[in-house]
file query34.pdb (PDB, C-alpha atoms)
ATOM      1  CA  MET I   1       0.000   0.000   0.000
ATOM      2  CA  THR I   2       2.768   2.458   0.834
ATOM      3  CA  TYR I   3       4.611   1.928  -2.448
ATOM      4  CA  ARG I   4       1.477   3.034  -4.297
ATOM      5  CA  ALA I   5       1.186   6.175  -2.151
ATOM      6  CA  TYR I   6       4.873   6.950  -2.733
ATOM      7  CA  SER I   7       4.512   6.440  -6.467
ATOM      8  CA  ILE I   8       1.499   8.788  -6.640
ATOM      9  CA  PHE I   9       3.426  11.413  -4.675
ATOM     10  CA  SER I  10       6.555  11.077  -6.832
ATOM     11  CA  ILE I  11       4.519  11.259 -10.056
ATOM     12  CA  PHE I  12       2.757  14.345  -8.660
ATOM     13  CA  ILE I  13       6.142  16.024  -8.069
ATOM     14  CA  LEU I  14       7.354  14.976 -11.534
ATOM     15  CA  ASN I  15       4.166  16.304 -13.166
ATOM     16  CA  LEU I  16       4.532  19.542 -11.211
ATOM     17  CA  ILE I  17       8.060  19.984 -12.568
ATOM     18  CA  LEU I  18       7.049  19.080 -16.116
ATOM     19  CA  PHE I  19       3.980  21.311 -16.036
ATOM     20  CA  ASN I  20       5.984  24.296 -14.799
ATOM     21  CA  TRP I  21       8.295  24.038 -17.800
ATOM     22  CA  HIS I  22       5.316  25.365 -19.708
ATOM     23  CA  SER I  23       4.093  28.917 -19.238
ATOM     24  CA  GLN I  24       1.008  27.732 -17.282
ATOM     25  CA  ARG I  25       1.290  28.492 -13.573
ATOM     26  CA  GLY I  26      -0.994  29.085 -10.621
ATOM     27  CA  ILE I  27      -3.725  27.188  -8.810
ATOM     28  CA  PHE I  28      -5.316  26.153 -12.099
ATOM     29  CA  SER I  29      -2.165  24.262 -13.101
ATOM     30  CA  LEU I  30      -2.183  22.451  -9.751
ATOM     31  CA  ALA I  31      -5.823  21.485 -10.276
ATOM     32  CA  ILE I  32      -5.029  20.135 -13.745
ATOM     33  CA  ILE I  33      -2.112  18.086 -12.397
ATOM     34  CA  LEU I  34      -4.338  16.591  -9.708
ATOM     35  CA  TRP I  35      -6.985  15.908 -12.361
ATOM     36  CA  ALA I  36      -4.401  14.033 -14.445
ATOM     37  CA  LEU I  37      -3.640  11.824 -11.418
ATOM     38  CA  VAL I  38      -7.302  10.802 -10.963
ATOM     39  CA  PRO I  39      -6.746   7.365 -12.606
ATOM     40  CA  LEU I  40      -3.937   6.577 -10.163
ATOM     41  CA  PHE I  41      -5.977   7.717  -7.154
ATOM     42  CA  GLY I  42      -8.965   5.702  -8.397
ATOM     43  CA  LEU I  43      -6.960   2.545  -9.031
ATOM     44  CA  HIS I  44      -5.201   2.956  -5.676
ATOM     45  CA  TYR I  45      -8.583   2.991  -3.925
ATOM     46  CA  ILE I  46      -9.884   0.013  -5.928
ATOM     47  CA  ILE I  47      -6.719  -2.002  -5.251
ATOM     48  CA  LYS I  48      -6.876  -1.114  -1.550
ATOM     49  CA  GLN I  49     -10.474  -2.352  -1.320
ATOM     50  CA  TYR I  50      -9.568  -5.479  -3.326
ATOM     51  CA  GLU I  51      -6.658  -6.242  -0.975
ATOM     52  CA  CYS I  52      -8.868  -5.699   2.086
ATOM     53  CA  PHE I  53     -11.484  -8.076   0.675
ATOM     54  CA  HIS I  54      -8.894 -10.811  -0.016
ATOM     55  CA  LYS I  55      -6.828  -9.990   3.110
ATOM     56  CA  ASN I  56      -3.645 -10.234   1.035
ATOM     57  CA  ALA I  57      -1.341  -8.042  -1.045
ATOM     58  CA  LEU I  58      -2.285  -7.622  -4.704
ATOM     59  CA  THR I  59       0.865  -9.359  -5.952
ATOM     60  CA  MET I  60       0.117 -12.383  -3.764
ATOM     61  CA  ILE I  61      -3.469 -12.887  -4.973
ATOM     62  CA  ARG I  62      -3.643 -15.573  -7.654
ATOM     63  CA  SER I  63      -6.521 -14.480  -9.852
ATOM     64  CA  TYR I  64      -6.986 -12.868 -13.241
ATOM     65  CA  SER I  65      -8.704  -9.843 -11.738
ATOM     66  CA  ALA I  66      -5.576  -9.233  -9.627
ATOM     67  CA  TRP I  67      -3.455  -9.380 -12.791
ATOM     68  CA  ILE I  68      -5.806  -6.929 -14.497
ATOM     69  CA  LEU I  69      -5.546  -4.483 -11.590
ATOM     70  CA  PHE I  70      -1.760  -4.898 -11.442
ATOM     71  CA  PHE I  71      -1.223  -4.220 -15.149
ATOM     72  CA  ALA I  72      -3.710  -1.343 -15.103
ATOM     73  CA  TRP I  73      -1.748   0.213 -12.211
ATOM     74  CA  ILE I  74       1.593  -0.204 -14.027
ATOM     75  CA  THR I  75       0.148   1.251 -17.242
ATOM     76  CA  CYS I  76      -1.353   4.214 -15.398
ATOM     77  CA  ILE I  77       1.997   4.916 -13.754
ATOM     78  CA  GLY I  78       3.668   4.877 -17.158
ATOM     79  CA  PHE I  79       1.142   7.136 -18.825
ATOM     80  CA  SER I  80       0.877   9.493 -15.851
ATOM     81  CA  THR I  81       4.601  10.042 -16.295
ATOM     82  CA  ILE I  82       4.750  10.134 -20.102
ATOM     83  CA  ILE I  83       1.626  12.180 -20.931
ATOM     84  CA  PRO I  84       2.769  15.452 -19.260
ATOM     85  CA  TYR I  85       6.125  15.210 -21.031
ATOM     86  CA  ALA I  86       4.461  14.466 -24.367
ATOM     87  CA  LEU I  87       2.015  17.320 -23.871
ATOM     88  CA  ASN I  88       4.905  19.675 -23.116
ATOM     89  CA  ILE I  89       6.423  18.729 -26.456
ATOM     90  CA  ILE I  90       3.071  19.019 -28.253
ATOM     91  CA  SER I  91       2.272  22.324 -26.586
ATOM     92  CA  ASP I  92       5.178  24.075 -28.290
ATOM     93  CA  SER I  93       3.275  23.842 -31.555
ATOM     94  CA  ASN I  94      -0.297  23.476 -30.291
ATOM     95  CA  SER I  95      -2.481  26.036 -28.527
ATOM     96  CA  HIS I  96      -4.860  23.354 -27.149
ATOM     97  CA  TYR I  97      -2.484  22.320 -24.356
ATOM     98  CA  ILE I  98      -5.009  22.565 -21.513
ATOM     99  CA  SER I  99      -7.715  20.635 -23.348
ATOM    100  CA  LEU I 100      -5.238  17.819 -24.070
ATOM    101  CA  TYR I 101      -4.223  17.734 -20.422
ATOM    102  CA  ILE I 102      -7.854  17.640 -19.257
ATOM    103  CA  LEU I 103      -8.488  14.625 -21.510
ATOM    104  CA  SER I 104      -5.411  12.762 -20.221
ATOM    105  CA  PRO I 105      -7.202  10.793 -17.414
ATOM    106  CA  ALA I 106      -9.678   9.370 -19.908
ATOM    107  CA  VAL I 107      -6.872   8.464 -22.315
ATOM    108  CA  THR I 108      -4.814   6.934 -19.499
ATOM    109  CA  LEU I 109      -7.689   4.798 -18.209
ATOM    110  CA  PHE I 110      -8.642   3.683 -21.709
ATOM    111  CA  ILE I 111      -5.099   2.583 -22.562
ATOM    112  CA  ALA I 112      -4.669   0.999 -19.108
ATOM    113  CA  ALA I 113      -7.872  -1.005 -19.589
ATOM    114  CA  ILE I 114      -6.708  -2.239 -22.998
ATOM    115  CA  THR I 115      -3.243  -3.119 -21.652
ATOM    116  CA  ALA I 116      -4.675  -4.939 -18.638
ATOM    117  CA  PHE I 117      -7.088  -6.890 -20.834
ATOM    118  CA  ILE I 118      -4.295  -7.929 -23.226
ATOM    119  CA  ALA I 119      -2.054  -8.908 -20.299
ATOM    120  CA  SER I 120      -4.799 -11.002 -18.697
ATOM    121  CA  MET I 121      -5.540 -12.719 -22.033
ATOM    122  CA  MET I 122      -1.824 -13.502 -22.395
ATOM    123  CA  MET I 123      -1.783 -14.959 -18.866
ATOM    124  CA  ILE I 124      -4.786 -17.167 -19.705
ATOM    125  CA  ILE I 125      -3.118 -18.366 -22.909
ATOM    126  CA  ILE I 126       0.223 -19.008 -21.182
ATOM    127  CA  THR I 127      -1.501 -20.864 -18.333
ATOM    128  CA  TYR I 128      -3.450 -22.943 -20.866
ATOM    129  CA  LEU I 129      -0.303 -23.782 -22.855
ATOM    130  CA  ILE I 130       1.673 -24.777 -19.758
ATOM    131  CA  ARG I 131      -0.954 -27.337 -18.727
TER
END

call {"tool": "encode", "arguments": {"input": "query34.pdb", "output": "structure tokens"}}
result
Amino acid sequence: MTYRAYSIFSIFILNLILFNWHSQRGIFSLAIILWALVPLFGLHYIIKQYECFHKNALTMIRSYSAWILFFAWITCIGFSTIIPYALNIISDSNSHYISLYILSPAVTLFIAAITAFIASMMMIIITYLIR
């Protein structure tokens, strides 16, 4: 549980640094950064409830839903780190920087869901082939 809280905090600091490279500053930029971290906060809460229900750590639970949550968390960490950097690069030539940043949680969750689904399908196939 603590490693997830530390990762959210470190990604928040990283996003704060990346966002301040751009000319956007103030309380609105902080709100947008927190908005971009909504998928991580949401998955953290879901994983916490899932671990409480199973009375075990997520990595110790042997089920496909645990694998889906794990890969969704890893994907969200990756995209929560990459999207601000990519938007900083895009924003040099694009005036719709804020609108792209506001859409980033939806994009992150969509890609995380696809990645988690593919990873769980691969685990099912690998498990089937091993037997």

call {"tool": "axis_aligned_box", "arguments": {"input": "query34.pdb", "around": "stretch 73-76 of chain I", "padding_each_side": "8 Å", "output": "AutoDock Vina command-line options"}}
result
--center_x -0.1 --center_y 2.0 --center_z -14.7 --size_x 19.3 --size_y 20.4 --size_z 21.0

call {"tool": "closest_residue", "arguments": {"input": "query34.pdb", "among": "I:Thr108, I:Lys48, I:Leu37, I:Ala86", "to": "I:Ser10", "atoms": "only C-alpha atoms"}}
result
I:Leu37

call {"tool": "closest_residue", "arguments": {"input": "query34.pdb", "among": "I:Ile114, I:Ile13, I:Met121, I:Ile8", "to": "I:Thr75", "atoms": "all atoms listed in the file"}}
result
I:Ile114

call {"tool": "closest_residue", "arguments": {"input": "query34.pdb", "among": "I:Tyr64, I:Ala31, I:Phe110, I:Thr2", "to": "I:Met122", "atoms": "all atoms listed in the file"}}
result
I:Tyr64

call {"tool": "closest_residue", "arguments": {"input": "query34.pdb", "among": "I:Ser65, I:Pro105, I:Ala72, I:Ala113", "to": "I:Leu43", "atoms": "only C-alpha atoms"}}
result
I:Ala72

call {"tool": "resolve_selection", "arguments": {"input": "query34.pdb", "expression": "the PyMOL selection byres ((chain I and resi 116) around 8)", "output": "PDB file with C-alpha atoms, keeping the file's coordinate frame"}}
result
ATOM      1  CA  TRP I  67      -3.455  -9.380 -12.791  1.00  0.00           C
ATOM      2  CA  ILE I  68      -5.806  -6.929 -14.497  1.00  0.00           C
ATOM      3  CA  LEU I  69      -5.546  -4.483 -11.590  1.00  0.00           C
ATOM      4  CA  PHE I  70      -1.760  -4.898 -11.442  1.00  0.00           C
ATOM      5  CA  PHE I  71      -1.223  -4.220 -15.149  1.00  0.00           C
ATOM      6  CA  ALA I  72      -3.710  -1.343 -15.103  1.00  0.00           C
ATOM      7  CA  THR I  75       0.148   1.251 -17.242  1.00  0.00           C
ATOM      8  CA  ALA I 112      -4.669   0.999 -19.108  1.00  0.00           C
ATOM      9  CA  ALA I 113      -7.872  -1.005 -19.589  1.00  0.00           C
ATOM     10  CA  ILE I 114      -6.708  -2.239 -22.998  1.00  0.00           C
ATOM     11  CA  THR I 115      -3.243  -3.119 -21.652  1.00  0.00           C
ATOM     12  CA  PHE I 117      -7.088  -6.890 -20.834  1.00  0.00           C
ATOM     13  CA  ILE I 118      -4.295  -7.929 -23.226  1.00  0.00           C
ATOM     14  CA  ALA I 119      -2.054  -8.908 -20.299  1.00  0.00           C
ATOM     15  CA  SER I 120      -4.799 -11.002 -18.697  1.00  0.00           C
TER      16      SER I 120
END

call {"tool": "atom_distance", "arguments": {"input": "query34.pdb", "atom1": "atom CA of I:Thr59", "atom2": "atom CA of I:Ile46"}}
result
14.3 Å

call {"tool": "closest_residue", "arguments": {"input": "query34.pdb", "among": "I:Cys76, I:Ile83, I:Ala36, I:Ile126", "to": "I:Leu109", "atoms": "all atoms listed in the file"}}
result
I:Cys76

call {"tool": "closest_residue", "arguments": {"input": "query34.pdb", "among": "I:Ile17, I:Ile130, I:Cys52, I:Ala5", "to": "I:Leu40", "atoms": "all atoms listed in the file"}}
result
I:Ala5

call {"tool": "residues_around", "arguments": {"input": "query34.pdb", "residues": "I:Ser7", "least_positions_apart": "6", "cutoff": "12 Å", "atoms": "all atoms listed in the file", "output": "mmCIF file with C-alpha atoms, keeping the file's coordinate frame"}}
result
data_model
loop_
_atom_site.group_PDB
_atom_site.id
_atom_site.type_symbol
_atom_site.label_atom_id
_atom_site.label_comp_id
_atom_site.auth_asym_id
_atom_site.auth_seq_id
_atom_site.Cartn_x
_atom_site.Cartn_y
_atom_site.Cartn_z
ATOM 1 C CA MET I 1 0.000 0.000 0.000
ATOM 2 C CA ILE I 13 6.142 16.024 -8.069
ATOM 3 C CA LEU I 14 7.354 14.976 -11.534
ATOM 4 C CA ASN I 15 4.166 16.304 -13.166
ATOM 5 C CA LEU I 37 -3.640 11.824 -11.418
ATOM 6 C CA LEU I 40 -3.937 6.577 -10.163
ATOM 7 C CA PHE I 41 -5.977 7.717 -7.154
ATOM 8 C CA HIS I 44 -5.201 2.956 -5.676
ATOM 9 C CA TRP I 73 -1.748 0.213 -12.211
ATOM 10 C CA ILE I 74 1.593 -0.204 -14.027
ATOM 11 C CA CYS I 76 -1.353 4.214 -15.398
ATOM 12 C CA ILE I 77 1.997 4.916 -13.754
ATOM 13 C CA GLY I 78 3.668 4.877 -17.158
ATOM 14 C CA SER I 80 0.877 9.493 -15.851
ATOM 15 C CA THR I 81 4.601 10.042 -16.295
#

call {"tool": "atom_distance", "arguments": {"input": "query34.pdb", "atom1": "atom CA of I:Thr127", "atom2": "atom CA of I:Gln49"}}
result
26.7 Å
